[in-house]
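Asks: Dropping a structure here in structure tokens format, bear with me for questions.
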Amino acid sequence: MTRDEYLALVDDLTEHDRRYYVEAAPTISDVEYDRLLVRLRRAEADHPDWVVPWSPTQRVAPTPASSFPKVVRDVPMLSLDNTYDEDELRAFHDRVQKGLDGEPVGYVVEPKIDGFGIELTYRGGALALGATRGDGRIGEDVTANLRTVHGVALRLREPLDLIVRGEVYITKADFAAINAARVDAGEEPFKNPRNTAAGSIKQLDAREVARRPMRTILYELVDGERWCRGHAEALAMMRRLGLPTSSHNTLAHDWDQLRAAVESWRDRRDDLPYEVDGLVIKVDAFAQRAALGTTSKFPRWAIAYKFPARQVTTRIRELEVNVGRTGAITPVAILEPVDVSGTTVSRVSLHNWDQVARLDLGDGDRVLIEKAGEIIPQVLGVTERAATARWTAPSRCPSCGSELAREEGKVVLACPNQLGCPAQRQAAIEFFAGRGQLNIDGLGEKLVAQLLQAGLVHDVADLFDLTPAQLVTLDRFGETSAKNLVAALAEARAKATFSRLLAALGIPHVGGVVARLIAARFGRPSAMLAAADELDSEAFVAALCELDGVGEVIAVAVDRFCRDPHARRVMARLIERGLDVEEPRVEAGDGPLVGKVLVVTGTLSRPRGDIQKEIEAAGGKVAGSVSKKTSYLVAGADVGKTKLDAAAKHGVAVISEDDLGALLRGEPLAPADSDG
């Protein structure tokens, strides 16, 4: 490859990035893109003197920043005056018309993204500076971090000097995935996408920033009058240069059109993939903007029309204590029903008892409620405290009466009676039947509750004894439904494998990956139980720890399960009912990952199970935890600190999903990408 060919490849990949992240209209497949990226990395590894700052490989800085230098801007990023109803909006329009001596005026109406304000400076078409808004006049230089954000162009299509402004944001779906991962890890969920994006951009290590799924939309070309007559024309110019702008901007040429444009958003707000808290209305013509001028705080030519608040207050009726599948005792506040963002909210999880203590909650308190990321309602704080006793954590399980315990270093209070607790039993049966486990079609929450209440089922083994004659005795359960469920149970039993059965039993820390490792070691359930009988706990745990990806915490959990009397009875009954199922033998592949052990973690672009199958098909092994035997840690977005620390401790390379694609194709990684 020549240097000219290298530069052409950089431009090609940059264009594909723009089509994917800006237009959401890719023109090549992920596999084709990965192949081009591998070629680029090879060229840069062979010719480090060729590397240009706008190469897609140069988004992430190799070392953390020690601090953020200040950036003083010539044109301040002014705040916007706010309006909350049509009368105030009409008053703004009248002021504009008066300031322009009644001449016709047009507006651009834009969704107001609830993100983190940024300013990007391009010199000769290359990204030279990325800064935070700060106080408007003075921001901070976060160029290295902004280079990692999808949609931030490292190079424009033309070699221009210009400054643009916009917002960094996280989509609702990505935010929900981040919070789900945090809750699963026993961590507090983030409050909202905006704060999460802001906190991410202010991190000192760009490598950590890159793991957050952030994007950007730009809304202003500073000094746009140098090139264009108006704002709409400037936005079109920005798009031509490869910069991301909103596809939902509209033009209004008079008051009636402006009012209609605002009204059209009344029912569309929640259709966007990201949070918006209103609309920004700007005079289009730059000459008219100059005539209107600014106050000391706000431009006279723009205003923010704010949507109704997402936060509301309501009163707590009582505390409900829920027992989850794993025994976690979760406090839930039962509320006087209140509308939040178009949804009636009557209950909200408080996540853990430390949160209850921090908020100091009690019956009758009036609390402030917000929908985090437009999805999950949460209590922000108390606005009016009632003269009632404060809530405290229970000492015994509300379902079975067992004494509760908290693992050292954990925030979760839990019932240890895993298989004997009625509440855990119902949750365990629901989990056992769920998709990704035994996948028993038609066996949902309400039916499980009916089966338990009628005494037809006491544990998961009883499911396989059910008959149509028993099922038709249930309320609103006809003969056809009964036959369908029995058939679904038979199908689930026929398709079961040892690993799916093991994962479905809900053993702490044992998911699909670990279950496959254990299943491959023992072959079938009866053999695993026999091994536990032959060895004492210490020896059995040691044997499990010999498996790549099974650490002591997982091994101890499996050992406890195998020695629990109730669990043994359930396993024996499952075996009697035809579920002493073998694990299909996976022939060792001769692919590019033979001899390699990989751990997959974080939020990925595809289902983790699909990625794991590709690794195994290429001859690699997938482990559940990082150890000295691990070859690579495949890290998606929002990776937990535990796995990263373990990778650093053992010298394990941390690679991206793109890097994994290269490995699967047998292509080497560039040296800079294999050192974690």
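Here's how to read the names in the structure tokens: chain A, B, ... by the order shown, residue numbers from 1 in each chain, ligand numbers from 1 in the order shown.
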Just the strand (DSSP E or B) stuff from range 461-622 of chain A, please, per backbone DSSP, written as an mmCIF file with C-alpha atoms, in the first residue's frame.
Replies:
data_model
loop_
_atom_site.group_PDB
_atom_site.id
_atom_site.type_symbol
_atom_site.label_atom_id
_atom_site.label_comp_id
_atom_site.auth_asym_id
_atom_site.auth_seq_id
_atom_site.Cartn_x
_atom_site.Cartn_y
_atom_site.Cartn_z
ATOM 1 C CA VAL A 597 -9.565 -18.024 26.063
ATOM 2 C CA LEU A 598 -11.792 -14.956 25.765
ATOM 3 C CA VAL A 599 -14.070 -13.157 28.204
ATOM 4 C CA VAL A 600 -16.883 -11.072 26.709
ATOM 5 C CA THR A 601 -18.313 -8.192 28.735
ATOM 6 C CA THR A 603 -22.868 -3.604 26.190
ATOM 7 C CA LYS A 621 -13.067 -20.874 24.565
ATOM 8 C CA VAL A 622 -15.354 -18.406 26.323
#
Asks: Counting only C-alpha atoms, give me one row per residue of range 281-373 of chain A with an atom at most 12 Å from an atom of range 233-257 of chain A, showing the shortest contact pair and its distance in Å to one decimal, sorted by chain then residue number, as CSV.
Replies:
residue,atom,partner,partner_atom,distance
A:Ile281,CA,A:Ala252,CA,9.5
A:Lys282,CA,A:Leu251,CA,9.8
A:Val283,CA,A:Ala252,CA,9.6
A:Asp284,CA,A:Leu251,CA,8.4
A:Ala285,CA,A:Glu233,CA,9.3
A:Phe286,CA,A:Ala234,CA,9.9
Asks: With N, CA and C atoms retained, could you export that selection as a compact mmCIF listing (two decimals), in the first residue's frame?
Replies:
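What follows is the written file out.txt:
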# COMPACT_ATOMS: atom_id res chain seq x y z
N ILE A 281 -36.41 27.58 19.09
CA ILE A 281 -36.97 28.33 17.97
C ILE A 281 -36.03 29.48 17.66
N LYS A 282 -35.50 29.50 16.43
CA LYS A 282 -34.49 30.50 16.05
C LYS A 282 -34.95 31.25 14.80
N VAL A 283 -34.71 32.55 14.80
CA VAL A 283 -34.89 33.32 13.57
C VAL A 283 -33.92 32.77 12.53
N ASP A 284 -34.41 32.54 11.32
CA ASP A 284 -33.58 31.89 10.30
C ASP A 284 -32.54 32.83 9.71
N ALA A 285 -32.93 34.01 9.26
CA ALA A 285 -32.04 34.90 8.50
C ALA A 285 -30.98 35.51 9.42
N PHE A 286 -29.72 35.38 9.04
CA PHE A 286 -28.64 35.93 9.84
C PHE A 286 -28.70 37.47 9.90
Asks: Select from range 110-201 of chain A every residue with an atom at most 12 Å from any atom of range 261-264 of chain A, then for each give the shortest pair of atoms and their distance in Å to one decimal, using only C-alpha atoms, rows by chain and rising number, as JSON lines.
Replies:
{"residue": "A:Glu110", "atom": "CA", "partner": "A:Val262", "partner_atom": "CA", "distance": 9.7}
{"residue": "A:Pro111", "atom": "CA", "partner": "A:Val262", "partner_atom": "CA", "distance": 9.9}
{"residue": "A:Lys112", "atom": "CA", "partner": "A:Val262", "partner_atom": "CA", "distance": 12.0}
Asks: Considering only C-alpha atoms, return as a VMD selection string whatever protein or nucleic-acid residues lie within 8 Å of Leu154 in chain A, sequence-local ones (same chain, fewer than 4 positions apart) excluded.
Replies: chain A and resid 53 to 56 126 to 127 147
Asks: Give me a file of those residues, with N, CA and C atoms, as a compact mmCIF listing (two decimals), in the first residue's frame.
Replies:
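Wrote result06.txt, looks like this:
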# COMPACT_ATOMS: atom_id res chain seq x y z
N PRO A 53 -3.98 12.50 12.14
CA PRO A 53 -4.83 12.66 13.33
C PRO A 53 -6.30 12.32 13.09
N TRP A 54 -6.76 12.40 11.83
CA TRP A 54 -8.18 12.14 11.58
C TRP A 54 -8.45 10.67 11.21
N SER A 55 -7.45 9.83 11.33
CA SER A 55 -7.68 8.41 11.09
C SER A 55 -8.66 7.86 12.13
N PRO A 56 -9.59 6.97 11.72
CA PRO A 56 -10.53 6.37 12.68
C PRO A 56 -9.85 5.64 13.83
N ALA A 126 -9.63 19.73 9.70
CA ALA A 126 -9.33 18.71 10.72
C ALA A 126 -9.78 19.21 12.09
N LEU A 127 -10.27 18.29 12.91
CA LEU A 127 -10.68 18.64 14.26
C LEU A 127 -9.46 19.10 15.06
N ARG A 147 -13.13 13.18 20.68
CA ARG A 147 -12.73 12.38 19.51
C ARG A 147 -13.33 10.98 19.57
Asks: If we count only C-alpha atoms and set the cut-off at 12 Å, which residues sit around Asp441 in chain A, ignoring sequence neighbours fewer than 2 positions away in its own chain? Please answer as a PyMOL selection string.
Replies: chain A and resi 430+432-439+443-445+447+481-492
Asks: One decimal, Å: what's the distance from CA of Ala469 in chain A over to CA of Val581 in chain A, could you say?
Replies: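 One can read the CA of Ala469 in chain A to CA of Val581 in chain A distance as 27.5 Å.
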Asks: Any idea what's packed within 9 Å of Ser537 in chain A, counting only C-alpha atoms, ignoring anything in its chain fewer than 3 positions away? Could you give it as a PyMOL selection string?
Replies: chain A and resi 532+540-542+556+559-560+563
Asks: Skip range 493-504 of chain A itself and residues of its chain fewer than 6 positions away, then list as a PyMOL selection string all residues within 6 Å of it, counting only C-alpha atoms.
Replies: chain A and resi 432+437+511-512+515-516+519+524+581-583
Asks: Could you please take those selected residues and save N, CA and C atoms as a compact mmCIF listing (two decimals), in the first residue's frame?
Replies:
# COMPACT_ATOMS: atom_id res chain seq x y z
N PHE A 432 -36.93 -20.11 35.20
CA PHE A 432 -36.68 -21.43 34.62
C PHE A 432 -37.39 -21.58 33.28
N GLN A 437 -33.74 -19.67 28.77
CA GLN A 437 -33.53 -20.77 29.72
C GLN A 437 -34.16 -22.01 29.08
N GLY A 511 -24.28 -18.04 34.66
CA GLY A 511 -25.03 -17.72 33.46
C GLY A 511 -24.72 -18.72 32.36
N GLY A 512 -25.06 -18.37 31.14
CA GLY A 512 -24.90 -19.31 30.04
C GLY A 512 -23.47 -19.73 29.78
N ALA A 515 -22.24 -21.97 32.65
CA ALA A 515 -22.97 -23.24 32.59
C ALA A 515 -22.40 -24.15 31.52
N ARG A 516 -22.01 -23.59 30.38
CA ARG A 516 -21.43 -24.42 29.33
C ARG A 516 -20.08 -24.99 29.74
N ALA A 519 -20.92 -27.77 32.21
CA ALA A 519 -21.57 -28.87 31.50
C ALA A 519 -20.57 -29.65 30.66
N ARG A 524 -23.31 -34.44 32.17
CA ARG A 524 -24.74 -34.51 32.48
C ARG A 524 -24.93 -34.20 33.96
N VAL A 581 -29.97 -34.71 31.10
CA VAL A 581 -29.66 -34.51 29.69
C VAL A 581 -28.16 -34.28 29.49
N GLU A 582 -27.66 -34.75 28.36
CA GLU A 582 -26.25 -34.59 28.04
C GLU A 582 -25.99 -33.21 27.45
N GLU A 583 -24.76 -32.80 27.57
CA GLU A 583 -24.32 -31.59 26.90
C GLU A 583 -23.75 -31.99 25.54
Asks: Identify which of the residues A:Gly602, A:Val460, A:Arg73, A:Thr314 lies closest to Arg182 in chain A, counting only C-alpha atoms when measuring atom-to-atom distances.
Replies: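 Nearest to Arg182 in chain A: A:Gly602.
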Asks: Where in range 195-273 of chain A does DSSP assign helix (DSSP H, G or I), given as a PyMOL selection string?
Replies: chain A and resi 195-201+206-209+224-226+231-240+255-264+269-271
Asks: Between A:Leu80, A:Ile163, A:Met214, A:Leu335, which has the minimum distance to Arg300 in chain A (counting only C-alpha atoms)?
Replies: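 Going through A:Leu80, A:Ile163, A:Met214, A:Leu335 one by one, the smallest distance to Arg300 in chain A is for A:Leu80.
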Asks: Which residues are near Gly381 in chain A? Cut-off 9 Å, only C-alpha atoms, ignore same chain within fewer than 6 positions. Put them as a ChimeraX atom specification.
Replies: /A:359-361,366-369
Asks: In terms of the shortest atom-to-atom distance over only C-alpha atoms, which of A:Leu36, A:Glu167, A:Ala128, A:Val472 is closest to Gly661 in chain A?
Replies: A:Leu36
Asks: For Pro69 in chain A, which residue among A:Glu86, A:Glu103, A:Asp114, A:Glu140 is the nearest when counting only C-alpha atoms?
Replies: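 Of A:Glu86, A:Glu103, A:Asp114, A:Glu140, the one nearest Pro69 in chain A, counting only C-alpha atoms, is A:Glu140.
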